[in-house]
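Below: upload.txt (compact mmCIF, C-alpha atoms and all ligand atoms)
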# COMPACT_ATOMS: atom_id res chain seq x y z
CA MET D 1 26.24 62.93 9.01
CA ASN D 2 26.49 60.74 5.96
CA LYS D 3 29.28 62.09 3.77
CA ASN D 4 31.68 60.44 1.36
CA MET D 5 35.40 61.00 1.14
CA LEU D 6 37.79 59.75 -1.54
CA VAL D 7 41.52 59.59 -0.85
CA ILE D 8 43.78 59.26 -3.90
CA ALA D 9 47.23 57.97 -2.98
CA ALA D 10 50.14 56.97 -5.19
CA HIS D 11 51.32 54.09 -2.97
CA PRO D 12 50.25 51.91 -0.07
CA ASP D 13 51.07 53.89 3.14
CA ASP D 14 50.92 57.42 1.59
CA ALA D 15 47.54 58.09 3.21
CA GLU D 16 48.62 56.92 6.66
CA PHE D 17 51.84 58.94 6.79
CA THR D 18 50.27 62.16 5.53
CA SER D 19 46.70 61.96 6.85
CA GLY D 20 46.15 58.87 9.02
CA GLY D 21 45.24 60.78 12.18
CA SER D 22 42.79 63.01 10.31
CA LEU D 23 41.19 60.11 8.43
CA THR D 24 40.41 58.07 11.52
CA ARG D 25 39.13 61.21 13.27
CA TRP D 26 36.83 62.06 10.36
CA ILE D 27 35.61 58.46 10.17
CA SER D 28 34.68 58.61 13.87
CA GLU D 29 32.72 61.76 13.02
CA GLY D 30 30.67 59.88 10.41
CA TRP D 31 32.58 60.17 7.15
CA ALA D 32 32.69 57.09 4.87
CA VAL D 33 36.17 56.88 3.35
CA SER D 34 37.22 55.15 0.13
CA LEU D 35 40.96 54.89 -0.53
CA ALA D 36 42.30 54.55 -4.08
CA ILE D 37 45.90 53.38 -4.51
CA CYS D 38 47.25 54.24 -7.97
CA THR D 39 50.27 51.90 -8.10
CA ASP D 40 50.96 48.31 -7.08
CA GLY D 41 53.78 49.25 -4.66
CA GLY D 42 56.05 46.65 -6.27
CA LYS D 43 59.23 48.75 -6.01
CA GLY D 44 58.93 49.53 -2.31
CA SER D 45 62.26 47.94 -1.48
CA GLN D 46 65.92 48.82 -1.98
CA SER D 47 66.94 45.15 -2.02
CA SER D 48 67.45 43.37 -5.35
CA GLU D 49 66.64 40.12 -3.49
CA ASP D 50 62.98 41.13 -3.17
CA ASP D 51 60.60 39.91 -5.87
CA PRO D 52 58.30 42.78 -6.96
CA ALA D 53 55.36 40.40 -7.47
CA VAL D 54 55.67 39.08 -3.91
CA LEU D 55 56.17 42.60 -2.58
CA THR D 56 53.01 43.74 -4.35
CA LYS D 57 50.98 41.05 -2.60
CA THR D 58 52.58 41.81 0.76
CA ARG D 59 51.91 45.51 0.41
CA GLN D 60 48.29 44.95 -0.58
CA ALA D 61 47.74 42.83 2.53
CA GLU D 62 49.48 45.45 4.69
CA GLN D 63 47.34 48.20 3.20
CA GLU D 64 44.10 46.27 3.74
CA ALA D 65 45.08 45.63 7.39
CA SER D 66 45.96 49.27 7.91
CA ALA D 67 42.67 50.39 6.36
CA ARG D 68 40.82 48.20 8.86
CA VAL D 69 42.71 49.87 11.74
CA LEU D 70 41.67 53.32 10.52
CA GLY D 71 38.10 52.29 9.65
CA ILE D 72 38.38 52.91 5.92
CA ARG D 73 35.36 51.49 4.06
CA GLU D 74 37.14 50.18 0.96
CA VAL D 75 40.54 50.11 -0.72
CA ILE D 76 40.47 50.43 -4.52
CA TRP D 77 43.54 49.16 -6.38
CA LEU D 78 44.30 50.80 -9.74
CA GLY D 79 47.39 48.62 -10.18
CA HIS D 80 49.79 50.76 -12.24
CA PRO D 81 53.48 49.80 -12.05
CA ASP D 82 55.18 51.47 -9.10
CA GLY D 83 57.45 54.41 -10.04
CA GLN D 84 56.09 54.66 -13.59
CA LEU D 85 52.76 56.39 -13.03
CA ALA D 86 53.68 59.28 -15.35
CA GLN D 87 53.56 56.87 -18.28
CA ALA D 88 49.92 56.13 -17.47
CA ALA D 89 48.85 59.70 -16.66
CA ARG D 90 46.05 59.96 -19.21
CA GLN D 91 44.60 56.56 -18.37
CA LEU D 92 44.83 57.42 -14.69
CA GLU D 93 42.88 60.64 -15.20
CA GLU D 94 40.14 58.64 -16.93
CA GLN D 95 40.07 56.05 -14.13
CA LEU D 96 39.91 58.74 -11.47
CA THR D 97 37.12 60.51 -13.35
CA TYR D 98 35.10 57.31 -13.23
CA LEU D 99 35.92 56.80 -9.57
CA ILE D 100 34.82 60.30 -8.59
CA ARG D 101 31.57 59.82 -10.49
CA LYS D 102 31.03 56.48 -8.75
CA VAL D 103 32.06 57.34 -5.16
CA ARG D 104 30.64 60.91 -5.38
CA PRO D 105 32.91 62.33 -2.68
CA ASP D 106 32.00 65.48 -0.76
CA ARG D 107 35.69 65.78 0.08
CA LEU D 108 38.67 64.51 -1.93
CA LEU D 109 42.21 64.13 -0.58
CA ALA D 110 45.27 63.98 -2.84
CA TRP D 111 48.96 64.83 -3.07
CA ASP D 112 49.69 68.54 -3.54
CA ALA D 113 50.69 68.56 -7.23
CA TRP D 114 52.04 72.12 -6.90
CA LYS D 115 54.49 71.41 -4.10
CA PRO D 116 57.92 72.69 -5.20
CA TYR D 117 60.70 70.13 -5.39
CA GLN D 118 58.33 67.17 -5.01
CA LEU D 119 60.87 64.51 -5.82
CA HIS D 120 58.71 61.41 -6.24
CA PRO D 121 57.31 61.28 -9.78
CA ASP D 122 54.33 59.12 -8.69
CA HIS D 123 53.34 61.72 -6.09
CA ARG D 124 53.48 64.47 -8.73
CA THR D 125 51.50 62.41 -11.25
CA ALA D 126 48.88 61.15 -8.79
CA GLY D 127 48.29 64.69 -7.51
CA GLN D 128 48.02 66.19 -10.99
CA ALA D 129 45.75 63.44 -12.33
CA ALA D 130 43.50 63.78 -9.28
CA MET D 131 43.10 67.51 -9.87
CA ASP D 132 42.45 67.04 -13.58
CA ALA D 133 39.84 64.40 -12.74
CA VAL D 134 38.08 66.76 -10.33
CA LEU D 135 37.40 68.96 -13.36
CA THR D 136 36.50 66.20 -15.82
CA ALA D 137 34.27 64.25 -13.41
CA GLY D 138 32.02 67.26 -12.98
CA ASN D 139 31.45 67.90 -16.68
CA PRO D 140 29.32 65.54 -18.83
CA HIS D 141 31.30 66.40 -21.96
CA PHE D 142 34.40 64.66 -20.61
CA TYR D 143 34.39 60.88 -21.04
CA PRO D 144 30.68 60.78 -22.01
CA ASP D 145 31.06 57.06 -22.81
CA GLN D 146 31.39 56.39 -19.07
CA LEU D 147 27.99 57.99 -18.52
CA GLN D 148 26.41 56.18 -21.45
CA GLN D 149 27.78 52.76 -20.61
CA THR D 150 27.28 52.69 -16.84
CA PRO D 151 23.65 52.81 -15.72
CA GLY D 152 23.10 55.45 -13.05
CA LEU D 153 26.55 57.05 -13.38
CA GLN D 154 26.30 60.85 -13.31
CA PRO D 155 28.79 63.74 -13.38
CA HIS D 156 29.86 64.79 -9.90
CA GLN D 157 31.34 68.05 -8.64
CA VAL D 158 33.63 67.59 -5.63
CA GLY D 159 32.79 70.08 -2.89
CA GLU D 160 36.24 70.44 -1.36
CA VAL D 161 39.76 69.21 -2.00
CA TYR D 162 42.30 68.68 0.79
CA LEU D 163 45.87 68.53 -0.49
CA PHE D 164 48.34 66.60 1.65
CA GLY D 165 52.13 66.79 1.64
CA THR D 166 51.77 70.53 1.10
CA ASP D 167 54.21 73.35 1.88
CA ASP D 168 51.38 75.88 1.94
CA PRO D 169 48.77 74.65 4.45
CA ASP D 170 45.71 76.61 5.48
CA GLU D 171 43.86 73.91 7.46
CA TRP D 172 45.18 72.11 10.52
CA VAL D 173 43.47 69.03 11.96
CA ASP D 174 43.99 68.22 15.63
CA ILE D 175 45.11 64.57 15.74
CA THR D 176 46.15 64.49 19.39
CA ALA D 177 43.44 61.94 20.18
CA THR D 178 44.14 59.81 17.09
CA PHE D 179 47.95 59.92 16.85
CA GLU D 180 48.28 56.48 18.47
CA ARG D 181 45.82 55.00 15.99
CA LYS D 182 47.80 56.58 13.14
CA MET D 183 50.97 54.88 14.42
CA GLU D 184 49.08 51.60 14.74
CA SER D 185 48.04 51.82 11.09
CA ILE D 186 51.57 52.67 9.95
CA ALA D 187 52.88 49.65 11.89
CA CYS D 188 50.77 47.47 9.57
CA HIS D 189 53.14 48.41 6.72
CA GLU D 190 55.81 46.11 8.09
CA SER D 191 57.73 45.80 4.81
CA GLN D 192 58.27 49.58 4.79
CA VAL D 193 59.12 50.18 8.42
CA ALA D 194 62.70 49.41 9.48
CA SER D 195 62.31 50.68 13.05
CA LEU D 196 58.89 51.54 14.36
CA ARG D 197 60.46 53.29 17.35
CA ASP D 198 62.55 55.65 15.17
CA LEU D 199 59.60 56.28 12.91
CA ALA D 200 57.29 57.08 15.83
CA LEU D 201 59.84 59.59 17.09
CA GLN D 202 60.21 61.16 13.66
CA LEU D 203 56.45 61.41 13.11
CA SER D 204 55.77 62.71 16.58
CA HIS D 205 58.23 65.56 15.87
CA CYS D 206 56.69 66.22 12.49
CA ASN D 207 53.07 66.21 13.73
CA ARG D 208 54.06 68.21 16.82
CA ASP D 209 55.66 70.88 14.60
CA ARG D 210 52.49 71.01 12.52
CA GLY D 211 50.36 71.43 15.67
CA VAL D 212 52.44 73.90 17.61
CA THR D 213 51.24 77.03 15.82
CA ARG D 214 47.58 76.05 16.38
CA GLY D 215 47.88 75.02 20.03
CA TYR D 216 47.47 71.28 19.31
CA THR D 217 49.84 68.62 20.58
CA TYR D 218 49.74 66.79 17.23
CA ALA D 219 48.31 67.99 13.93
CA GLU D 220 48.22 67.20 10.23
CA ALA D 221 48.05 70.08 7.77
CA PHE D 222 46.35 70.51 4.40
CA LYS D 223 45.82 73.04 1.65
CA VAL D 224 42.08 73.32 1.01
CA LEU D 225 40.53 74.15 -2.37
CA HIS D 226 36.87 74.67 -3.28
CA PRO D 227 37.08 73.86 -6.99
CA PHE D 228 33.64 74.96 -8.15
CA CYS D 229 33.13 78.06 -5.99
CA ASP D 230 34.97 80.56 -8.18
CA THR D 231 34.38 79.33 -11.71
ZN ZN F 1 54.31 57.42 -1.87

When written as C-alpha cells, how does the structure in this file appear?
Ligand SMILES: [Zn+2]
Amino acid sequence: MNKNMLVIAAHPDDAEFTSGGSLTRWISEGWAVSLAICTDGGKGSQSSEDDPAVLTKTRQAEQEASARVLGIREVIWLGHPDGQLAQAARQLEEQLTYLIRKVRPDRLLAWDAWKPYQLHPDHRTAGQAAMDAVLTAGNPHFYPDQLQQTPGLQPHQVGEVYLFGTDDPDEWVDITATFERKMESIACHESQVASLRDLALQLSHCNRDRGVTRGYTYAEAFKVLHPFCDT
C-alpha cells in the first residue's frame, strides 16, 4: 500500500492525544503521514515567566521528536499565533487548500468542527478551515493562482475525512498494540506534561472507554465523512 494521509492539528500534541495510537498503527500498515500544525504553540503555558518565543522553539522540537516516535514523514509548520487562529481563518483555508493539493491525501484527519461546546477557538477554527479546504482543494475555480503559479500542482479530492475529538463517532480503531507508543510520543511533549503517570492513567481510562463497546482494550474513535460521494 502506498497511501498518503494529512493530519491538520491546531497545536503541537493535538494529533498524539486524539489519534497517536491510530497514526502509528496506520503508518505500520504502509500509510505515509504528513502532519500540519496551524499555530506556533507559543501560549502553551499558564506561567507568565515563560517566554512565548522560547516556548515556540521548545514545542517545535518536542513535536519533531514525537513525530519521529510515531513514524510521521514530515511536520509542516503554518506558524499562526497560538490562540488567535480565528483571526487568520481565511488565510488558513488558502494555506490548507495548497497543502491538500500538494500532499494529495487519500485520508485527511482534523478536529471535528461540529462538536458542540468545543471550547478551544483554535480547535474550532482549524477544524472548520480544514473542511472548507477539502472543498476548495478539489475545485480548480478556487484559488486558481495556486495552480497557475506552481508547476504540477493540480486540484485534489480527498477520499475520506476522519474527524477527531468527536462526540459522534462511527469508526473505532483498535490501538491496544500501539497504546504504549502513543504514550511514548506524548512523553516527548515535556513542556505540556506535568505528570506523565497521571496522564497515562487518564488516557488509559479514556481509550479504554472508547474501546469497551467494540471489544478492544484501547481504542480511538472518529467520525468518518466521504466528502465527494454524495455531491
Ligand atoms: Zn490543541

(message) Could you list, as a PyMOL selection string, every residue within 10 Å of Trp77 in chain D, counting all atoms listed in the file and ignoring same-chain residues fewer than 5 positions away?
(response) chain D and resi 11-12+35-40+60

(request) Enumerate residues in contact with ligand ZN 1 (chain F): an atom-to-atom distance of at most 10 Å, counting all atoms listed in the file. Format the result as a ChimeraX atom specification. (result) /D:9-15,17-18,37-39,41,44,82-83,111,120-124,126

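If all atoms listed in the file are the atoms counted, then among D:Arg197, D:Glu62, D:Glu180, D:Asp174 the closest residue to Thr213 in chain D is D:Asp174.
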
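Counting all atoms listed in the file, the residue from D:Leu203, D:Gly165, D:Val224, D:Ser191 that sits nearest to Leu119 in chain D is D:Gly165.
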
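The spacing separating CA of Phe164 in chain D from CA of Met5 in chain D amounts to 14.1 Å.
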
(request) Find the spatial neighbours of Val54 in chain D, counting all atoms listed in the file, within a cut-off of 8 Å - ignore same-chain residues fewer than 4 positions away - and output them as a count of residues only. (result) 3

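Counting all atoms listed in the file and comparing D:Ser28, D:Asn139, D:Gln118, D:Ser195, the residue that lies closest to Val158 in chain D is D:Asn139.
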
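Here CA of Glu190 in chain D is placed at a distance of 25.2 Å from CA of Ala221 in chain D.
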